[in-house]
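K.L.:
Handing over protein_39.cif, mmCIF, C-alpha atoms.
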```
data_coords
loop_
_atom_site.label_atom_id
_atom_site.label_comp_id
_atom_site.auth_asym_id
_atom_site.auth_seq_id
_atom_site.Cartn_x
_atom_site.Cartn_y
_atom_site.Cartn_z
CA MET A 1 0.00 0.00 0.00
CA ARG A 2 1.32 3.43 -0.88
CA ARG A 3 1.86 6.09 1.78
CA ARG A 4 -0.96 8.55 2.31
CA LEU A 5 -0.54 11.69 0.23
CA ALA A 6 -2.32 15.02 0.49
CA VAL A 7 -5.12 14.89 -2.06
CA ALA A 8 -8.21 16.92 -2.81
CA SER A 9 -11.34 15.60 -1.14
CA PHE A 10 -13.47 13.45 -3.39
CA SER A 11 -17.11 12.51 -3.09
CA LEU A 12 -18.76 9.88 -5.25
CA ALA A 13 -22.24 8.48 -5.11
CA VAL A 14 -22.09 4.91 -6.38
CA VAL A 15 -25.08 2.82 -7.31
CA LEU A 16 -23.97 -0.70 -6.45
CA GLY A 17 -24.70 -3.11 -9.25
CA CYS A 18 -23.46 -6.40 -7.84
CA GLY A 19 -25.71 -8.92 -6.15
CA THR A 20 -25.94 -9.21 -2.41
CA LEU A 21 -25.56 -12.46 -0.57
CA PRO A 22 -28.86 -14.33 -1.03
CA ALA A 23 -30.88 -14.62 2.17
CA ALA A 24 -30.99 -18.39 2.01
CA ALA A 25 -27.24 -18.57 1.55
CA ALA A 26 -26.66 -16.19 4.44
CA ALA A 27 -28.83 -18.33 6.65
CA ALA A 28 -26.96 -21.47 5.63
CA GLY A 29 -23.60 -19.89 6.34
CA PRO A 30 -20.24 -20.11 4.51
CA ALA A 31 -19.24 -23.24 6.40
CA ASP A 32 -22.02 -25.32 4.82
CA ALA A 33 -21.09 -27.76 2.06
CA ARG A 34 -23.62 -26.13 -0.25
CA GLN A 35 -25.60 -22.90 -0.27
CA THR A 36 -29.25 -22.78 -1.34
CA GLN A 37 -30.25 -19.91 -3.60
CA THR A 38 -33.66 -19.04 -5.03
CA LEU A 39 -33.61 -17.63 -8.53
CA ALA A 40 -36.29 -16.20 -10.77
CA ASP A 41 -36.94 -18.59 -13.67
CA THR A 42 -39.43 -17.26 -16.21
CA GLY A 43 -41.76 -16.13 -13.47
CA ARG A 44 -41.37 -19.21 -11.27
CA SER A 45 -39.46 -19.53 -8.01
CA THR A 46 -36.76 -22.13 -8.58
CA THR A 47 -34.40 -23.43 -5.90
CA VAL A 48 -30.90 -24.43 -7.04
CA LYS A 49 -27.81 -25.67 -5.22
CA ALA A 50 -24.62 -23.64 -5.54
CA LEU A 51 -21.32 -25.39 -4.97
CA ALA A 52 -19.54 -24.15 -1.87
CA ALA A 53 -16.26 -22.31 -2.17
CA PRO A 54 -13.09 -24.37 -1.80
CA ASN A 55 -10.68 -24.11 1.08
CA ILE A 56 -7.54 -22.39 -0.20
CA ASP A 57 -4.38 -24.18 0.96
CA VAL A 58 -2.36 -21.57 2.85
CA THR A 59 0.82 -23.65 2.49
CA LYS A 60 0.55 -23.11 -1.27
CA VAL A 61 -0.01 -19.39 -0.72
CA ARG A 62 3.13 -19.30 1.42
CA ALA A 63 5.03 -21.16 -1.29
CA HIS A 64 4.27 -18.29 -3.69
CA LEU A 65 5.51 -15.87 -1.04
CA SER A 66 8.73 -17.85 -0.73
CA GLU A 67 9.27 -17.52 -4.46
CA PHE A 68 8.69 -13.76 -4.30
CA SER A 69 11.23 -13.61 -1.47
CA ALA A 70 13.77 -15.57 -3.49
CA ILE A 71 13.20 -13.29 -6.48
CA ALA A 72 13.86 -10.23 -4.32
CA GLY A 73 16.97 -11.87 -2.91
CA ARG A 74 18.37 -12.34 -6.41
CA ASN A 75 17.59 -8.76 -7.38
CA GLY A 76 18.96 -6.36 -4.81
CA GLY A 77 16.51 -7.21 -2.02
CA ASN A 78 13.34 -5.71 -3.51
CA ARG A 79 10.74 -5.99 -6.28
CA ARG A 80 10.22 -2.30 -7.10
CA SER A 81 8.20 -1.75 -10.26
CA THR A 82 11.18 -0.49 -12.28
CA THR A 83 13.49 -3.40 -11.44
CA GLN A 84 14.26 -6.88 -12.67
CA GLY A 85 12.85 -8.12 -9.36
CA TYR A 86 9.43 -6.89 -10.41
CA ARG A 87 9.75 -8.32 -13.91
CA ASP A 88 10.77 -11.68 -12.48
CA SER A 89 7.72 -11.56 -10.18
CA VAL A 90 5.53 -10.95 -13.24
CA ALA A 91 7.18 -13.88 -15.03
CA TYR A 92 6.57 -16.19 -12.06
CA VAL A 93 2.86 -15.32 -11.79
CA LYS A 94 2.41 -15.44 -15.57
CA GLY A 95 4.05 -18.86 -15.81
CA LYS A 96 1.81 -20.34 -13.12
CA LEU A 97 -1.32 -18.91 -14.76
CA GLN A 98 -0.41 -20.05 -18.25
CA ALA A 99 0.32 -23.56 -16.99
CA ALA A 100 -3.16 -23.58 -15.44
CA GLY A 101 -4.79 -22.69 -18.76
CA TYR A 102 -5.21 -18.91 -18.55
CA THR A 103 -4.60 -16.55 -21.42
CA VAL A 104 -2.50 -13.87 -19.77
CA THR A 105 -1.94 -10.31 -20.99
CA GLU A 106 0.97 -8.08 -20.04
CA GLN A 107 -0.31 -4.52 -20.27
CA SER A 108 2.50 -2.01 -20.65
CA CYS A 109 1.84 1.21 -18.79
CA THR A 110 2.56 3.74 -21.52
CA SER A 111 1.51 6.88 -19.62
CA GLY A 112 1.40 8.00 -16.02
CA CYS A 113 3.76 5.31 -14.67
CA THR A 114 7.29 5.72 -13.37
CA SER A 115 9.77 5.56 -16.22
CA GLY A 116 10.83 1.96 -16.76
CA ALA A 117 7.98 0.43 -14.75
CA GLY A 118 7.05 -3.13 -15.68
CA PRO A 119 3.61 -4.20 -16.92
CA ASN A 120 0.27 -4.93 -15.34
CA LEU A 121 -0.66 -8.60 -15.59
CA ILE A 122 -4.27 -9.45 -16.50
CA ALA A 123 -5.80 -12.94 -16.58
CA GLU A 124 -9.42 -13.82 -17.33
CA TRP A 125 -10.98 -17.25 -16.98
CA PRO A 126 -12.95 -17.79 -20.23
CA ARG A 127 -16.23 -18.92 -18.68
CA GLY A 128 -19.38 -17.10 -17.62
CA ASP A 129 -21.18 -14.02 -18.89
CA ALA A 130 -18.62 -11.58 -20.30
CA ASN A 131 -21.08 -8.74 -19.70
CA ASN A 132 -20.95 -9.38 -15.94
CA VAL A 133 -17.33 -9.28 -14.77
CA TYR A 134 -16.13 -9.59 -11.18
CA MET A 135 -12.56 -8.41 -10.93
CA PHE A 136 -10.00 -9.31 -8.23
CA GLY A 137 -6.68 -7.49 -7.96
CA ALA A 138 -3.52 -6.88 -5.94
CA HIS A 139 -0.38 -4.85 -6.55
CA LEU A 140 2.71 -6.92 -7.26
CA ASP A 141 5.43 -4.30 -6.73
CA SER A 142 7.28 -3.52 -3.50
CA VAL A 143 9.04 -0.43 -2.24
CA SER A 144 12.80 -0.25 -2.72
CA ALA A 145 13.47 -0.63 1.02
CA GLY A 146 12.65 -4.34 1.15
CA PRO A 147 11.14 -7.42 -0.52
CA GLY A 148 7.53 -6.49 0.32
CA MET A 149 6.28 -9.81 1.64
CA ASN A 150 3.22 -8.39 3.40
CA ASP A 151 3.08 -5.28 1.18
CA ASN A 152 2.07 -6.78 -1.12
CA GLY A 153 3.35 -10.27 -1.61
CA SER A 154 0.53 -11.38 0.69
CA GLY A 155 -2.29 -10.08 -1.50
CA SER A 156 -0.55 -11.17 -4.71
CA ALA A 157 0.06 -14.71 -3.45
CA ALA A 158 -3.46 -15.16 -2.06
CA LEU A 159 -4.88 -13.96 -5.38
CA LEU A 160 -2.63 -16.26 -7.42
CA GLU A 161 -3.63 -19.38 -5.48
CA ASN A 162 -7.30 -18.44 -5.86
CA ALA A 163 -6.84 -18.14 -9.62
CA LEU A 164 -5.09 -21.51 -9.77
CA THR A 165 -7.81 -23.14 -7.65
CA LEU A 166 -10.52 -21.76 -9.93
CA ALA A 167 -8.75 -23.24 -12.94
CA GLN A 168 -8.25 -26.58 -11.24
CA GLN A 169 -11.88 -26.91 -10.17
CA ASN A 170 -13.22 -25.33 -13.38
CA PRO A 171 -16.78 -24.89 -12.08
CA THR A 172 -19.64 -23.76 -14.27
CA LEU A 173 -19.65 -19.96 -14.07
CA ARG A 174 -22.65 -17.70 -14.42
CA ASN A 175 -20.44 -14.57 -14.40
CA ARG A 176 -16.95 -13.80 -15.66
CA VAL A 177 -13.89 -13.60 -13.34
CA ARG A 178 -10.86 -11.44 -14.12
CA PHE A 179 -7.63 -11.23 -12.09
CA ALA A 180 -5.05 -8.43 -12.10
CA TRP A 181 -1.60 -7.87 -10.62
CA TRP A 182 -0.76 -4.18 -10.72
CA THR A 183 2.49 -2.38 -11.41
CA ASP A 184 3.75 0.86 -9.82
CA GLU A 185 1.21 1.02 -6.99
CA GLU A 186 3.81 2.26 -4.54
CA GLN A 187 4.55 5.26 -6.74
CA GLY A 188 0.94 6.47 -6.87
CA LEU A 189 -1.47 3.68 -7.94
CA ASN A 190 -0.17 4.22 -11.45
CA GLY A 191 -0.73 0.78 -12.96
CA SER A 192 -4.37 0.51 -11.92
CA LYS A 193 -5.02 4.11 -12.93
CA PHE A 194 -3.67 3.34 -16.39
CA TYR A 195 -5.81 0.22 -16.68
CA VAL A 196 -9.02 2.02 -15.74
CA ARG A 197 -8.23 4.89 -18.13
CA SER A 198 -7.67 2.36 -20.91
CA LEU A 199 -11.21 0.95 -20.61
CA SER A 200 -14.00 2.22 -22.80
CA SER A 201 -17.25 3.26 -21.14
CA THR A 202 -18.79 0.00 -22.34
CA GLN A 203 -15.94 -2.05 -20.85
CA ARG A 204 -16.22 -0.23 -17.54
CA ALA A 205 -19.94 -0.94 -17.44
CA THR A 206 -19.35 -4.68 -17.62
CA ILE A 207 -17.32 -4.67 -14.36
CA ARG A 208 -19.91 -5.27 -11.63
CA ALA A 209 -17.40 -5.01 -8.78
CA TYR A 210 -13.66 -4.76 -8.18
CA TYR A 211 -12.09 -6.42 -5.12
CA ASN A 212 -8.65 -5.34 -3.85
CA PHE A 213 -6.24 -7.19 -1.56
CA ASP A 214 -3.37 -5.18 -0.08
CA MET A 215 -1.49 -6.24 3.08
CA VAL A 216 -3.63 -9.19 4.19
CA ALA A 217 -1.07 -10.73 6.57
CA SER A 218 -0.04 -7.97 9.01
CA THR A 219 1.55 -9.46 12.13
CA ASN A 220 -0.30 -7.15 14.55
CA GLY A 221 -3.18 -6.68 12.18
CA GLY A 222 -6.92 -6.33 12.35
CA TYR A 223 -9.64 -7.48 10.00
CA PHE A 224 -10.68 -4.64 7.73
CA ILE A 225 -13.03 -4.47 4.74
CA ASN A 226 -13.30 -1.65 2.22
CA HIS A 227 -16.81 -0.16 2.09
CA ILE A 228 -17.97 -2.76 4.58
CA THR A 229 -21.68 -1.84 4.41
CA SER A 230 -21.88 -1.94 0.60
CA SER A 231 -23.49 -4.64 -1.52
CA ALA A 232 -20.08 -5.42 -3.04
CA ALA A 233 -18.69 -6.14 0.42
CA ALA A 234 -21.57 -8.39 1.51
CA PRO A 235 -19.96 -11.78 0.73
CA MET A 236 -16.59 -10.68 2.12
CA LYS A 237 -18.19 -9.61 5.37
CA ALA A 238 -20.38 -12.73 5.50
CA TYR A 239 -17.31 -14.96 5.40
CA TRP A 240 -15.37 -13.12 8.10
CA ASP A 241 -18.52 -12.81 10.20
CA SER A 242 -18.88 -16.60 10.00
CA LEU A 243 -15.45 -16.84 11.69
CA GLY A 244 -16.55 -14.48 14.47
CA LEU A 245 -14.00 -11.83 13.46
CA ARG A 246 -16.30 -8.80 13.65
CA PRO A 247 -14.46 -6.89 10.87
CA GLU A 248 -14.30 -3.10 10.69
CA GLU A 249 -14.22 -0.48 7.92
CA ASN A 250 -10.80 -0.01 6.33
CA THR A 251 -10.49 3.70 7.07
CA GLU A 252 -6.67 3.69 7.03
CA GLY A 253 -6.56 2.38 3.47
CA ALA A 254 -9.19 4.67 1.96
CA GLY A 255 -7.87 6.13 -1.29
CA ARG A 256 -4.46 4.51 -0.83
CA SER A 257 -4.61 1.36 -2.96
CA ASP A 258 -5.69 0.10 -6.34
CA ASP A 259 -9.41 0.03 -5.62
CA TYR A 260 -9.43 3.84 -5.70
CA PRO A 261 -9.18 4.33 -9.50
CA PHE A 262 -12.10 1.92 -9.93
CA GLU A 263 -14.09 3.77 -7.27
CA GLN A 264 -13.42 7.08 -9.02
CA ALA A 265 -14.73 5.55 -12.24
CA GLY A 266 -18.03 4.63 -10.57
CA ILE A 267 -17.31 0.90 -10.24
CA PRO A 268 -18.36 -0.70 -6.91
CA THR A 269 -15.34 -1.75 -4.86
CA SER A 270 -14.42 -3.67 -1.75
CA GLY A 271 -11.53 -5.79 -0.46
CA TYR A 272 -9.66 -7.11 2.54
CA ALA A 273 -6.76 -5.55 4.46
CA MET A 274 -5.09 -6.10 7.84
CA GLY A 275 -3.55 -2.67 8.30
CA ALA A 276 -0.30 -0.76 7.76
CA SER A 277 1.32 1.89 9.97
CA ALA A 278 -1.75 2.94 11.96
CA ARG A 279 -1.85 1.72 15.55
CA LYS A 280 -4.13 -0.91 17.00
CA THR A 281 -6.57 0.35 19.61
CA SER A 282 -7.15 -1.33 22.93
CA THR A 283 -10.67 -2.26 21.80
CA GLN A 284 -9.26 -3.92 18.69
CA ALA A 285 -6.62 -5.75 20.70
CA ALA A 286 -9.33 -7.09 23.01
CA LYS A 287 -11.32 -8.27 19.99
CA TRP A 288 -8.55 -9.64 17.75
CA GLY A 289 -5.53 -10.10 20.00
CA GLY A 290 -2.17 -8.45 19.42
CA THR A 291 -0.58 -5.38 20.95
CA ALA A 292 -2.55 -2.21 21.58
CA GLY A 293 -0.70 0.98 20.68
CA ALA A 294 1.59 -0.77 18.19
CA SER A 295 1.41 -0.56 14.40
CA TYR A 296 -0.62 -3.17 12.56
CA ASP A 297 2.51 -3.89 10.52
CA PRO A 298 5.70 -2.83 12.33
CA CYS A 299 7.70 -3.54 9.14
CA TYR A 300 5.57 -1.40 6.82
CA HIS A 301 7.80 -0.12 3.97
CA ARG A 302 10.92 -1.38 5.77
CA SER A 303 13.63 -3.93 5.04
CA CYS A 304 12.15 -6.26 7.67
CA ASP A 305 9.04 -6.91 5.52
CA THR A 306 10.33 -10.44 4.92
CA LEU A 307 8.85 -13.92 5.25
CA THR A 308 9.01 -13.56 9.04
CA ASN A 309 6.64 -10.60 8.76
CA ILE A 310 3.64 -12.74 7.77
CA ASN A 311 0.57 -13.55 9.88
CA THR A 312 -0.29 -16.96 8.46
CA THR A 313 -3.66 -17.13 10.19
CA GLY A 314 -4.74 -13.81 8.72
CA LEU A 315 -3.38 -14.81 5.31
CA ASP A 316 -5.40 -18.03 5.41
CA ARG A 317 -8.60 -16.22 6.38
CA ALA A 318 -8.15 -13.68 3.60
CA ALA A 319 -7.42 -16.32 0.95
CA ASP A 320 -10.51 -18.31 1.94
CA GLY A 321 -12.64 -15.16 2.02
CA ILE A 322 -11.54 -14.32 -1.51
CA ALA A 323 -12.64 -17.78 -2.63
CA TYR A 324 -15.98 -17.43 -0.86
CA THR A 325 -16.60 -14.07 -2.52
CA LEU A 326 -15.59 -15.35 -5.95
CA TRP A 327 -17.88 -18.37 -5.67
CA GLN A 328 -20.81 -16.27 -4.41
CA GLN A 329 -20.48 -13.71 -7.18
CA ALA A 330 -19.59 -15.89 -10.15
CA VAL A 331 -20.18 -19.62 -9.63
#
```
Write the structure described by the file as structure tokens, please.
P.N.:
Amino acid sequence: MRRRLAVASFSLAVVLGCGTLPAAAAAAGPADARQTQTLADTGRSTTVKALAAPNIDVTKVRAHLSEFSAIAGRNGGNRRSTTQGYRDSVAYVKGKLQAAGYTVTEQSCTSGCTSGAGPNLIAEWPRGDANNVYMFGAHLDSVSAGPGMNDNGSGSAALLENALTLAQQNPTLRNRVRFAWWTDEEQGLNGSKFYVRSLSSTQRATIRAYYNFDMVASTNGGYFINHITSSAAAPMKAYWDSLGLRPEENTEGAGRSDDYPFEQAGIPTSGYAMGASARKTSTQAAKWGGTAGASYDPCYHRSCDTLTNINTTGLDRAADGIAYTLWQQAV
């Protein structure tokens, strides 16, 4: 996540177009093997069974993190967007996706990005209604100070394993799913800004919601959701509620990560985060554990943001919540 910058205030009224969690599914709960949904079928009320979301193997997520760490180690200790460390991170993610059957696009950022920044990486699973796209993204670059394992190897790795799991299970999709790994986030959200600017008005209208994952494994973290009361956030909140986590609004991250360009374009957004440099309150420590008065991530934008700076429990909960949201919105 980029540091907070002084920006002009921005107000946007968004009409949320994505579906909320069906009442029957909410009653059944994310832990059930199947969720029951009632759909309109030519005027009749028809009950169908929706396959439950898979459990994402956190050991596989951590394996992706280990590869990002090794890449940084071979490239000056970081994966900044302008470096070979970033390009090698792109190549790793792209190789995994292509092996799983995705068609993957490297989108060069030709304006607005730091000179020499590597590409965005976009992958779409070719199933479901292309006029109803649910998009899931995370920034892949780090700051120059360190390898960026929590910021944002954590979100990138959780997203990658979700994409691979979707390909492996290959369920019947009613809506389209698109994944993105963004360049140059740390320099001003530049990769995601470029992507959104590159979309036509028709293309923007097909994106029903964008979900962002930035720093989802903070060692002293909390459980935060962007726009927690919105329709887009409903499945994300439902999953964390089912774990008794009592998540809160991600106020610290507002306007500071790659969901913001989508929000500015009128696209509904949400996402998970566990916090950056802000300090945990005593109320939050009583609810979630950890140390009151200390930063959510004591290694934020520092050289110590290594593999030891990962909250595996939080990472697991975020990865599974991504899967739950994806299955609710698209499967």
K.L.:
Which residue out of A:Asp129, A:Asp305, A:Asp57, A:Asp297 has the minimum interatomic distance to Leu160 of chain A when all atoms listed in the file are used?
P.N.:
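Using all atoms listed in the file, the shortest distance to Leu160 of chain A belongs to A:Asp57.
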K.L.:
Can you spell out as a PyMOL selection string the set of residues that the PyMOL selection byres ((chain A and resi 246-259) around 8) selects in the structure I just provided?
P.N.:
chain A and resi 1-4+137-139+182+185+189+192-193+210-212+214+222-228+237+240-241+244-245+260-263+269-270+273+275-276+278
K.L.:
How about saving the chosen residues, C-alpha atoms kept, as a CSV table (one decimal), in the coordinates of the input?
P.N.:
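Everything below was put into selection_31.csv:
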```csv
chain,number,residue,atom,x,y,z
A,1,MET,CA,0.0,0.0,0.0
A,2,ARG,CA,1.3,3.4,-0.9
A,3,ARG,CA,1.9,6.1,1.8
A,4,ARG,CA,-1.0,8.6,2.3
A,137,GLY,CA,-6.7,-7.5,-8.0
A,138,ALA,CA,-3.5,-6.9,-5.9
A,139,HIS,CA,-0.4,-4.8,-6.6
A,182,TRP,CA,-0.8,-4.2,-10.7
A,185,GLU,CA,1.2,1.0,-7.0
A,189,LEU,CA,-1.5,3.7,-7.9
A,192,SER,CA,-4.4,0.5,-11.9
A,193,LYS,CA,-5.0,4.1,-12.9
A,210,TYR,CA,-13.7,-4.8,-8.2
A,211,TYR,CA,-12.1,-6.4,-5.1
A,212,ASN,CA,-8.6,-5.3,-3.8
A,214,ASP,CA,-3.4,-5.2,-0.1
A,222,GLY,CA,-6.9,-6.3,12.4
A,223,TYR,CA,-9.6,-7.5,10.0
A,224,PHE,CA,-10.7,-4.6,7.7
A,225,ILE,CA,-13.0,-4.5,4.7
A,226,ASN,CA,-13.3,-1.6,2.2
A,227,HIS,CA,-16.8,-0.2,2.1
A,228,ILE,CA,-18.0,-2.8,4.6
A,237,LYS,CA,-18.2,-9.6,5.4
A,240,TRP,CA,-15.4,-13.1,8.1
A,241,ASP,CA,-18.5,-12.8,10.2
A,244,GLY,CA,-16.6,-14.5,14.5
A,245,LEU,CA,-14.0,-11.8,13.5
A,260,TYR,CA,-9.4,3.8,-5.7
A,261,PRO,CA,-9.2,4.3,-9.5
A,262,PHE,CA,-12.1,1.9,-9.9
A,263,GLU,CA,-14.1,3.8,-7.3
A,269,THR,CA,-15.3,-1.8,-4.9
A,270,SER,CA,-14.4,-3.7,-1.8
A,273,ALA,CA,-6.8,-5.6,4.5
A,275,GLY,CA,-3.6,-2.7,8.3
A,276,ALA,CA,-0.3,-0.8,7.8
A,278,ALA,CA,-1.8,2.9,12.0
```
K.L.:
If you count all atoms listed in the file, which residues fall within 9 Å of Asn309 of chain A, apart from same-chain ones fewer than 4 positions away, as JSON, numbers by chain?
P.N.:
{"A": [149, 150, 217, 218, 219, 297, 298, 299, 304, 305]}
K.L.:
Near Glu124 of chain A, within 7 Å and counting only C-alpha atoms, which residues show up once chain neighbours fewer than 2 positions away are dropped, as an mmCIF file with C-alpha atoms, in the coordinates of the input?
P.N.:
```cif
data_model
loop_
_atom_site.group_PDB
_atom_site.id
_atom_site.type_symbol
_atom_site.label_atom_id
_atom_site.label_comp_id
_atom_site.auth_asym_id
_atom_site.auth_seq_id
_atom_site.Cartn_x
_atom_site.Cartn_y
_atom_site.Cartn_z
ATOM 1 C CA TYR A 102 -5.210 -18.910 -18.550
ATOM 2 C CA THR A 103 -4.600 -16.550 -21.420
ATOM 3 C CA ILE A 122 -4.270 -9.450 -16.500
ATOM 4 C CA PRO A 126 -12.950 -17.790 -20.230
ATOM 5 C CA VAL A 177 -13.890 -13.600 -13.340
ATOM 6 C CA ARG A 178 -10.860 -11.440 -14.120
ATOM 7 C CA PHE A 179 -7.630 -11.230 -12.090
#
```
K.L.:
Identify, on the basis of only C-alpha atoms, every residue whose closest approach to Ser69 of chain A does not exceed 9 Å; exclude the query and any residue fewer than 6 positions from it along the same chain; express the result as number ranges by chain.
P.N.:
A: 77-78, 147-149, 153, 306-307
K.L.:
Carefully work through the PyMOL selection byres ((chain A and resi 86-99) around 10) for this structure and note down the residues it includes, as a PyMOL selection string.
P.N.:
chain A and resi 64+67-72+74-75+78-85+100-106+117-124+140-142+153+156-157+160-161+163-164+167+181-184
K.L.:
For Gly112 of chain A, list every protein, DNA or RNA residue within 9 Å, evaluated using all atoms listed in the file, and leave out those in the same chain fewer than 3 positions away; present the list as a list in words.
P.N.:
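Non-adjacent residues within range: Cys109, Ser115, Asn190, Gly191, Lys193 and Phe194 of chain A.
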K.L.:
Include C-alpha atoms and write out the residues we just selected as a PDB file, in the frame of the given file.
P.N.:
```pdb
ATOM      1  CA  CYS A 109       1.840   1.210 -18.790  1.00  0.00           C
ATOM      2  CA  SER A 115       9.770   5.560 -16.220  1.00  0.00           C
ATOM      3  CA  ASN A 190      -0.170   4.220 -11.450  1.00  0.00           C
ATOM      4  CA  GLY A 191      -0.730   0.780 -12.960  1.00  0.00           C
ATOM      5  CA  LYS A 193      -5.020   4.110 -12.930  1.00  0.00           C
ATOM      6  CA  PHE A 194      -3.670   3.340 -16.390  1.00  0.00           C
TER       7      PHE A 194
END
```
K.L.:
List the neighbours of Thr313 of chain A out to 12 Å using only C-alpha atoms; skip same-chain residues closer than 2 positions along the sequence, and give me the result as a PyMOL selection string.
P.N.:
chain A and resi 57-59+61-62+154+216-223+243+274+288+310-311+315-320
K.L.:
Between atom CA of Thr110 of chain A and atom CA of Gly146 of chain A, what is the spacing in Å?
P.N.:
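Interatomic distance, atom CA of Gly146 of chain A to atom CA of Thr110 of chain A: 26.1 Å.
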K.L.:
So how far away is atom CA of Trp125 of chain A from atom CA of Ser66 of chain A, in Å?
P.N.:
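Taking atom CA of Ser66 of chain A and atom CA of Trp125 of chain A, their separation equals 25.6 Å.
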K.L.:
Given the choices A:Thr206, A:Thr165, A:Ser201, A:Thr114, which gets closest to Gly188 of chain A if the distance is worked out from all atoms listed in the file?
P.N.:
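Of A:Thr206, A:Thr165, A:Ser201, A:Thr114, the one nearest Gly188 of chain A is A:Thr114, counting all atoms listed in the file.
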K.L.:
Find the residue from A:Ser144, A:Thr312, A:Gln203, A:Thr281 that sits nearest to Ile267 of chain A; use only C-alpha atoms when measuring.
P.N.:
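Of all the options, A:Gln203 lies closest to Ile267 of chain A.
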K.L.:
My list of candidates is A:Gly73, A:Gly116, A:Gly128, A:Pro235. Which is closest to Ala323 of chain A when distances are computed with only C-alpha atoms?
P.N.:
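Selected residue with least distance to Ala323 of chain A: A:Pro235.
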K.L.:
Since the input is missing atoms for segment 325-330 of chain A, could you rebuild it with all heavy atoms and give the result as a short mmCIF file (atom, residue, chain, number, x, y, z; two decimals), keeping the file's coordinate frame?
P.N.:
```cif
data_model
loop_
_atom_site.label_atom_id
_atom_site.label_comp_id
_atom_site.auth_asym_id
_atom_site.auth_seq_id
_atom_site.Cartn_x
_atom_site.Cartn_y
_atom_site.Cartn_z
N THR A 325 -16.03 -15.17 -1.76
CA THR A 325 -16.60 -14.07 -2.52
C THR A 325 -16.68 -14.40 -4.00
O THR A 325 -17.70 -14.16 -4.66
CB THR A 325 -15.75 -12.80 -2.31
OG1 THR A 325 -15.75 -12.47 -0.90
CG2 THR A 325 -16.31 -11.61 -3.09
N LEU A 326 -15.61 -14.98 -4.53
CA LEU A 326 -15.59 -15.35 -5.95
C LEU A 326 -16.70 -16.35 -6.26
O LEU A 326 -17.44 -16.20 -7.24
CB LEU A 326 -14.22 -15.93 -6.29
CG LEU A 326 -13.84 -16.15 -7.74
CD1 LEU A 326 -12.33 -16.25 -7.88
CD2 LEU A 326 -14.49 -17.39 -8.34
N TRP A 327 -16.85 -17.36 -5.41
CA TRP A 327 -17.88 -18.37 -5.67
C TRP A 327 -19.28 -17.77 -5.53
O TRP A 327 -20.17 -18.08 -6.32
CB TRP A 327 -17.69 -19.55 -4.70
CG TRP A 327 -17.16 -20.79 -5.37
CD1 TRP A 327 -17.84 -21.95 -5.57
CD2 TRP A 327 -15.85 -21.00 -5.95
NE1 TRP A 327 -17.03 -22.86 -6.22
CE2 TRP A 327 -15.81 -22.30 -6.47
CE3 TRP A 327 -14.71 -20.21 -6.06
CZ2 TRP A 327 -14.70 -22.85 -7.10
CZ3 TRP A 327 -13.60 -20.73 -6.68
CH2 TRP A 327 -13.60 -22.02 -7.19
N GLN A 328 -19.49 -16.89 -4.57
CA GLN A 328 -20.81 -16.27 -4.41
C GLN A 328 -21.16 -15.40 -5.61
O GLN A 328 -22.30 -15.40 -6.07
CB GLN A 328 -20.84 -15.42 -3.14
CG GLN A 328 -20.94 -16.21 -1.85
CD GLN A 328 -22.31 -16.87 -1.70
OE1 GLN A 328 -23.33 -16.26 -2.01
NE2 GLN A 328 -22.33 -18.11 -1.25
N GLN A 329 -20.19 -14.67 -6.13
CA GLN A 329 -20.48 -13.71 -7.18
C GLN A 329 -20.49 -14.32 -8.58
O GLN A 329 -21.13 -13.77 -9.49
CB GLN A 329 -19.47 -12.56 -7.13
CG GLN A 329 -19.45 -11.78 -5.81
CD GLN A 329 -20.71 -10.96 -5.59
OE1 GLN A 329 -21.82 -11.45 -5.80
NE2 GLN A 329 -20.54 -9.73 -5.16
N ALA A 330 -19.77 -15.42 -8.78
CA ALA A 330 -19.59 -15.89 -10.15
C ALA A 330 -19.97 -17.33 -10.40
O ALA A 330 -20.29 -17.69 -11.53
CB ALA A 330 -18.13 -15.69 -10.58
#
```
